[in-house]
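Inspection log for the structure reproduced underneath, given as structure tokens.
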Amino acid sequence: MLEREIGAHVALLTGKDAGAAYASLLALEAESRESDAVFGWFDDFAAMLAHKSSFVRMRGLRLVAANAQWDRDGKVDRALGDYLACVEDPKPIVARQCIQHLWLIGEARPDLKPVLKRALRQADASRYAPSMAPLVEADRNEALDRLLAAE
């Protein structure tokens with residue numbers, strides 16, 4: 001993917017067109033699996049973690065996790081506090097996406113696994129509606145299992 005294409009996709013991530021933003025997210029995630037071409041926008045993704053829109057936060061956290069493997073400058077470390085805050089995001093769907101993608105950070109940065117596991121163990125799924133709490137809890141347990149299995 002060319003740099004200008006990546007830039008165009010990144011610009012769509014915070015736009016009003018949810019369909020275009022989601023398509024851009026998927027394209028950027030796919031590119032992130034293959035190369036470090038998207039990593040140049042890591043700071044933009046990290047900034048999205050504190051966005052007022054839950055959809056934008058979700059996109060940001062997924063791209064932070066997807067690009068953790070390319071970090072050589074400690075950017076993941078600087079974004080980790082905001083990322084882990086999403087483990088207990090007010091919106092359960094954001095918390096679920098955060099938890100479901102956390103293993104990517106652990107895989108890329110095994111030294112952070114103790115911090116990641118601690119955040120998962122301390123997360124309180126009971127803060128969510130009874131229809132969502134079991135789903136968040138199941139995601140949490142699966143993420144912990146995945147982090148432990150990779151040790």
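Naming scheme: A, B, ... for chains in displayed order of the structure tokens; residues 1 onward per chain; ligands 1 onward as shown.
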> Can you list, as a ChimeraX atom specification, every protein, DNA or RNA residue that comes within 9 Å of Glu88 in chain A when you count only C-alpha atoms, leaving out same-chain residues fewer than 4 positions away?
Replying inline: /A:84,92,94-96,98,123-125,127
Generate the output file for the selected residues, N, CA and C atoms, as an mmCIF file, in the first residue's frame.
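Dumped to part.cif:
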```
data_model
loop_
_atom_site.group_PDB
_atom_site.id
_atom_site.type_symbol
_atom_site.label_atom_id
_atom_site.label_comp_id
_atom_site.auth_asym_id
_atom_site.auth_seq_id
_atom_site.Cartn_x
_atom_site.Cartn_y
_atom_site.Cartn_z
ATOM 1 N N LEU A 84 -4.826 0.368 28.059
ATOM 2 C CA LEU A 84 -5.360 -0.449 29.152
ATOM 3 C C LEU A 84 -6.576 0.188 29.814
ATOM 4 N N PRO A 92 -19.152 -1.281 26.644
ATOM 5 C CA PRO A 92 -18.668 -2.663 26.697
ATOM 6 C C PRO A 92 -18.111 -3.178 25.375
ATOM 7 N N VAL A 94 -16.282 -1.522 23.313
ATOM 8 C CA VAL A 94 -14.890 -1.054 23.261
ATOM 9 C C VAL A 94 -14.031 -1.929 24.162
ATOM 10 N N ALA A 95 -14.531 -2.204 25.364
ATOM 11 C CA ALA A 95 -13.788 -3.077 26.278
ATOM 12 C C ALA A 95 -13.549 -4.440 25.638
ATOM 13 N N ARG A 96 -14.559 -4.978 24.995
ATOM 14 C CA ARG A 96 -14.417 -6.298 24.361
ATOM 15 C C ARG A 96 -13.370 -6.274 23.253
ATOM 16 N N CYS A 98 -10.907 -4.182 22.915
ATOM 17 C CA CYS A 98 -9.616 -3.976 23.569
ATOM 18 C C CYS A 98 -9.061 -5.295 24.091
ATOM 19 N N ALA A 123 -9.738 -6.164 35.916
ATOM 20 C CA ALA A 123 -10.926 -5.651 35.214
ATOM 21 C C ALA A 123 -12.200 -6.197 35.853
ATOM 22 N N ASP A 124 -13.174 -5.333 35.986
ATOM 23 C CA ASP A 124 -14.436 -5.693 36.629
ATOM 24 C C ASP A 124 -15.570 -5.671 35.609
ATOM 25 N N ALA A 125 -15.939 -6.837 35.137
ATOM 26 C CA ALA A 125 -17.002 -6.938 34.130
ATOM 27 C C ALA A 125 -18.380 -6.638 34.707
ATOM 28 N N ARG A 127 -19.452 -4.111 35.953
ATOM 29 C CA ARG A 127 -19.836 -2.719 35.691
ATOM 30 C C ARG A 127 -20.788 -2.606 34.498
#
```
Please provide as a PDB file with C-alpha atoms, in the first residue's frame all residues within 10 Å of range 11-24 of chain A, with the sequence filter that same-chain residues fewer than 5 positions apart are discarded (counting only C-alpha atoms).
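Output contents, as saved in around_31.pdb:
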```
ATOM      1  CA  GLU A   5      -3.252   5.448   0.359  1.00  0.00           C
ATOM      2  CA  ILE A   6      -2.399   4.784   3.984  1.00  0.00           C
ATOM      3  CA  GLU A  29      -5.024  -3.979   9.804  1.00  0.00           C
ATOM      4  CA  ALA A  30      -4.283  -6.171   6.784  1.00  0.00           C
ATOM      5  CA  ASP A  44      -2.476   9.041  15.388  1.00  0.00           C
ATOM      6  CA  PHE A  45      -3.825   5.655  16.472  1.00  0.00           C
ATOM      7  CA  MET A  48      -7.626   7.907  19.051  1.00  0.00           C
ATOM      8  CA  HIS A  51     -11.436  10.078  21.501  1.00  0.00           C
ATOM      9  CA  SER A  53     -16.424   8.493  20.020  1.00  0.00           C
ATOM     10  CA  PHE A  55     -16.117   3.808  17.448  1.00  0.00           C
ATOM     11  CA  VAL A  56     -12.971   5.885  16.988  1.00  0.00           C
ATOM     12  CA  ARG A  57     -11.507   4.492  20.241  1.00  0.00           C
ATOM     13  CA  ARG A  59     -10.406   1.663  15.655  1.00  0.00           C
ATOM     14  CA  GLY A  60      -7.461   3.227  17.458  1.00  0.00           C
TER      15      GLY A  60
END
```
>> Neighbouring residues of Val87 in chain A were defined as those with any atom within 12 Å, considering only C-alpha atoms; residues of the same chain fewer than 4 positions away were excluded. Please report them as a PyMOL selection string.
In response: chain A and resi 49+57-58+61+80-83+91-102+116-125+127+136-137+139-140+143
How would the residues just picked look written out with N, CA and C atoms as a compact mmCIF listing (two decimals), in the first residue's frame?
```
# COMPACT_ATOMS: atom_id res chain seq x y z
N LEU A 49 -7.24 6.66 21.12
CA LEU A 49 -7.64 5.91 22.32
C LEU A 49 -8.43 6.77 23.31
N ARG A 57 -12.38 5.17 19.25
CA ARG A 57 -11.51 4.49 20.24
C ARG A 57 -11.24 3.05 19.82
N MET A 58 -12.29 2.37 19.37
CA MET A 58 -12.15 0.98 18.93
C MET A 58 -11.17 0.85 17.78
N LEU A 61 -7.58 1.44 19.09
CA LEU A 61 -6.98 0.37 19.87
C LEU A 61 -6.63 -0.83 19.01
N LEU A 80 0.42 2.61 26.34
CA LEU A 80 -0.15 1.49 27.07
C LEU A 80 -1.17 1.91 28.13
N GLY A 81 -0.94 3.00 28.83
CA GLY A 81 -1.89 3.46 29.84
C GLY A 81 -3.26 3.74 29.25
N ASP A 82 -3.27 4.46 28.14
CA ASP A 82 -4.55 4.76 27.47
C ASP A 82 -5.18 3.49 26.90
N TYR A 83 -4.34 2.59 26.37
CA TYR A 83 -4.87 1.34 25.83
C TYR A 83 -5.53 0.53 26.95
N LYS A 91 -18.09 1.88 27.40
CA LYS A 91 -18.84 1.13 26.38
C LYS A 91 -18.31 -0.31 26.35
N PRO A 92 -19.15 -1.28 26.64
CA PRO A 92 -18.67 -2.66 26.70
C PRO A 92 -18.11 -3.18 25.37
N ILE A 93 -18.60 -2.68 24.26
CA ILE A 93 -18.08 -3.15 22.98
C ILE A 93 -16.62 -2.70 22.79
N VAL A 94 -16.28 -1.52 23.31
CA VAL A 94 -14.89 -1.05 23.26
C VAL A 94 -14.03 -1.93 24.16
N ALA A 95 -14.53 -2.20 25.36
CA ALA A 95 -13.79 -3.08 26.28
C ALA A 95 -13.55 -4.44 25.64
N ARG A 96 -14.56 -4.98 25.00
CA ARG A 96 -14.42 -6.30 24.36
C ARG A 96 -13.37 -6.27 23.25
N GLN A 97 -13.42 -5.27 22.40
CA GLN A 97 -12.43 -5.16 21.32
C GLN A 97 -11.03 -4.99 21.89
N CYS A 98 -10.91 -4.18 22.92
CA CYS A 98 -9.62 -3.98 23.57
C CYS A 98 -9.06 -5.30 24.09
N ILE A 99 -9.87 -6.00 24.83
CA ILE A 99 -9.46 -7.27 25.43
C ILE A 99 -9.14 -8.30 24.35
N GLN A 100 -9.97 -8.36 23.32
CA GLN A 100 -9.77 -9.35 22.26
C GLN A 100 -8.49 -9.12 21.47
N HIS A 101 -7.99 -7.90 21.43
CA HIS A 101 -6.78 -7.60 20.66
C HIS A 101 -5.53 -7.45 21.53
N LEU A 102 -5.70 -7.55 22.83
CA LEU A 102 -4.59 -7.37 23.76
C LEU A 102 -3.46 -8.37 23.54
N LEU A 116 -0.08 -6.58 31.25
CA LEU A 116 -1.32 -6.91 30.54
C LEU A 116 -2.18 -7.87 31.35
N LYS A 117 -1.55 -8.89 31.91
CA LYS A 117 -2.29 -9.87 32.72
C LYS A 117 -2.87 -9.21 33.97
N ARG A 118 -2.11 -8.33 34.59
CA ARG A 118 -2.60 -7.64 35.79
C ARG A 118 -3.83 -6.80 35.44
N ALA A 119 -3.78 -6.08 34.33
CA ALA A 119 -4.93 -5.26 33.92
C ALA A 119 -6.15 -6.12 33.67
N LEU A 120 -5.96 -7.27 33.04
CA LEU A 120 -7.08 -8.17 32.78
C LEU A 120 -7.64 -8.74 34.07
N ARG A 121 -6.77 -9.12 34.98
CA ARG A 121 -7.23 -9.71 36.26
C ARG A 121 -7.98 -8.69 37.11
N GLN A 122 -7.60 -7.43 37.00
CA GLN A 122 -8.24 -6.39 37.80
C GLN A 122 -9.52 -5.84 37.16
N ALA A 123 -9.74 -6.16 35.92
CA ALA A 123 -10.93 -5.65 35.21
C ALA A 123 -12.20 -6.20 35.85
N ASP A 124 -13.17 -5.33 35.99
CA ASP A 124 -14.44 -5.69 36.63
C ASP A 124 -15.57 -5.67 35.61
N ALA A 125 -15.94 -6.84 35.14
CA ALA A 125 -17.00 -6.94 34.13
C ALA A 125 -18.38 -6.64 34.71
N ARG A 127 -19.45 -4.11 35.95
CA ARG A 127 -19.84 -2.72 35.69
C ARG A 127 -20.79 -2.61 34.50
N VAL A 136 -17.96 -9.90 28.28
CA VAL A 136 -16.70 -9.25 28.63
C VAL A 136 -15.85 -10.20 29.47
N GLU A 137 -16.48 -10.87 30.40
CA GLU A 137 -15.76 -11.83 31.26
C GLU A 137 -15.18 -12.98 30.43
N ASP A 139 -14.34 -12.88 27.27
CA ASP A 139 -13.21 -12.31 26.51
C ASP A 139 -11.98 -12.17 27.40
N ARG A 140 -12.21 -11.71 28.61
CA ARG A 140 -11.11 -11.53 29.57
C ARG A 140 -10.42 -12.86 29.84
N ALA A 143 -8.46 -14.02 26.79
CA ALA A 143 -7.23 -13.24 26.62
C ALA A 143 -6.17 -13.67 27.63
```
> Given the choices A:Leu148, A:Ala129, A:Leu25, A:Ala79, which gets closest to Gly106 in chain A if the distance is worked out from only C-alpha atoms?
Replying inline: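 For Gly106 in chain A, the nearest of the given residues is A:Leu148.
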>> I'd like the contact shell of range 63-73 of chain A - 8 Å cut-off, only C-alpha atoms, skipping same-chain residues fewer than 6 positions apart - returned as an MDAnalysis selection string.
In response: chainID A and resid 25 28:29 32:33 36 38:39 42 45:46 101:102 104:105 107:109
> In terms of the shortest atom-to-atom distance over only C-alpha atoms, which of A:Pro90, A:Met1, A:Lys52, A:Asp43 is closest to Val76 in chain A?
Replying inline: A:Asp43
>> As an exercise, work out the distance from CA of Lys75 in chain A to CA of Asn141 in chain A in Å and give it to one decimal place.
In response: 26.8 Å
> Just asking: which residues within range 9-151 of chain A are helix (DSSP H, G or I) according to DSSP, as a PyMOL selection string?
Replying inline: chain A and resi 9-12+18-34+39-48+54-70+75-88+92-108+110-122+125-127+133-149
> Quick one: distance from CA of Ala47 in chain A to CA of Asp77 in chain A in Å, one decimal?
Replying inline: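 Here the two named atoms are 13.6 Å from each other.
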>> Quick check, in Å to one decimal: how far apart do CA of Trp41 in chain A and CA of Leu112 in chain A lie?
In response: 21.8 Å
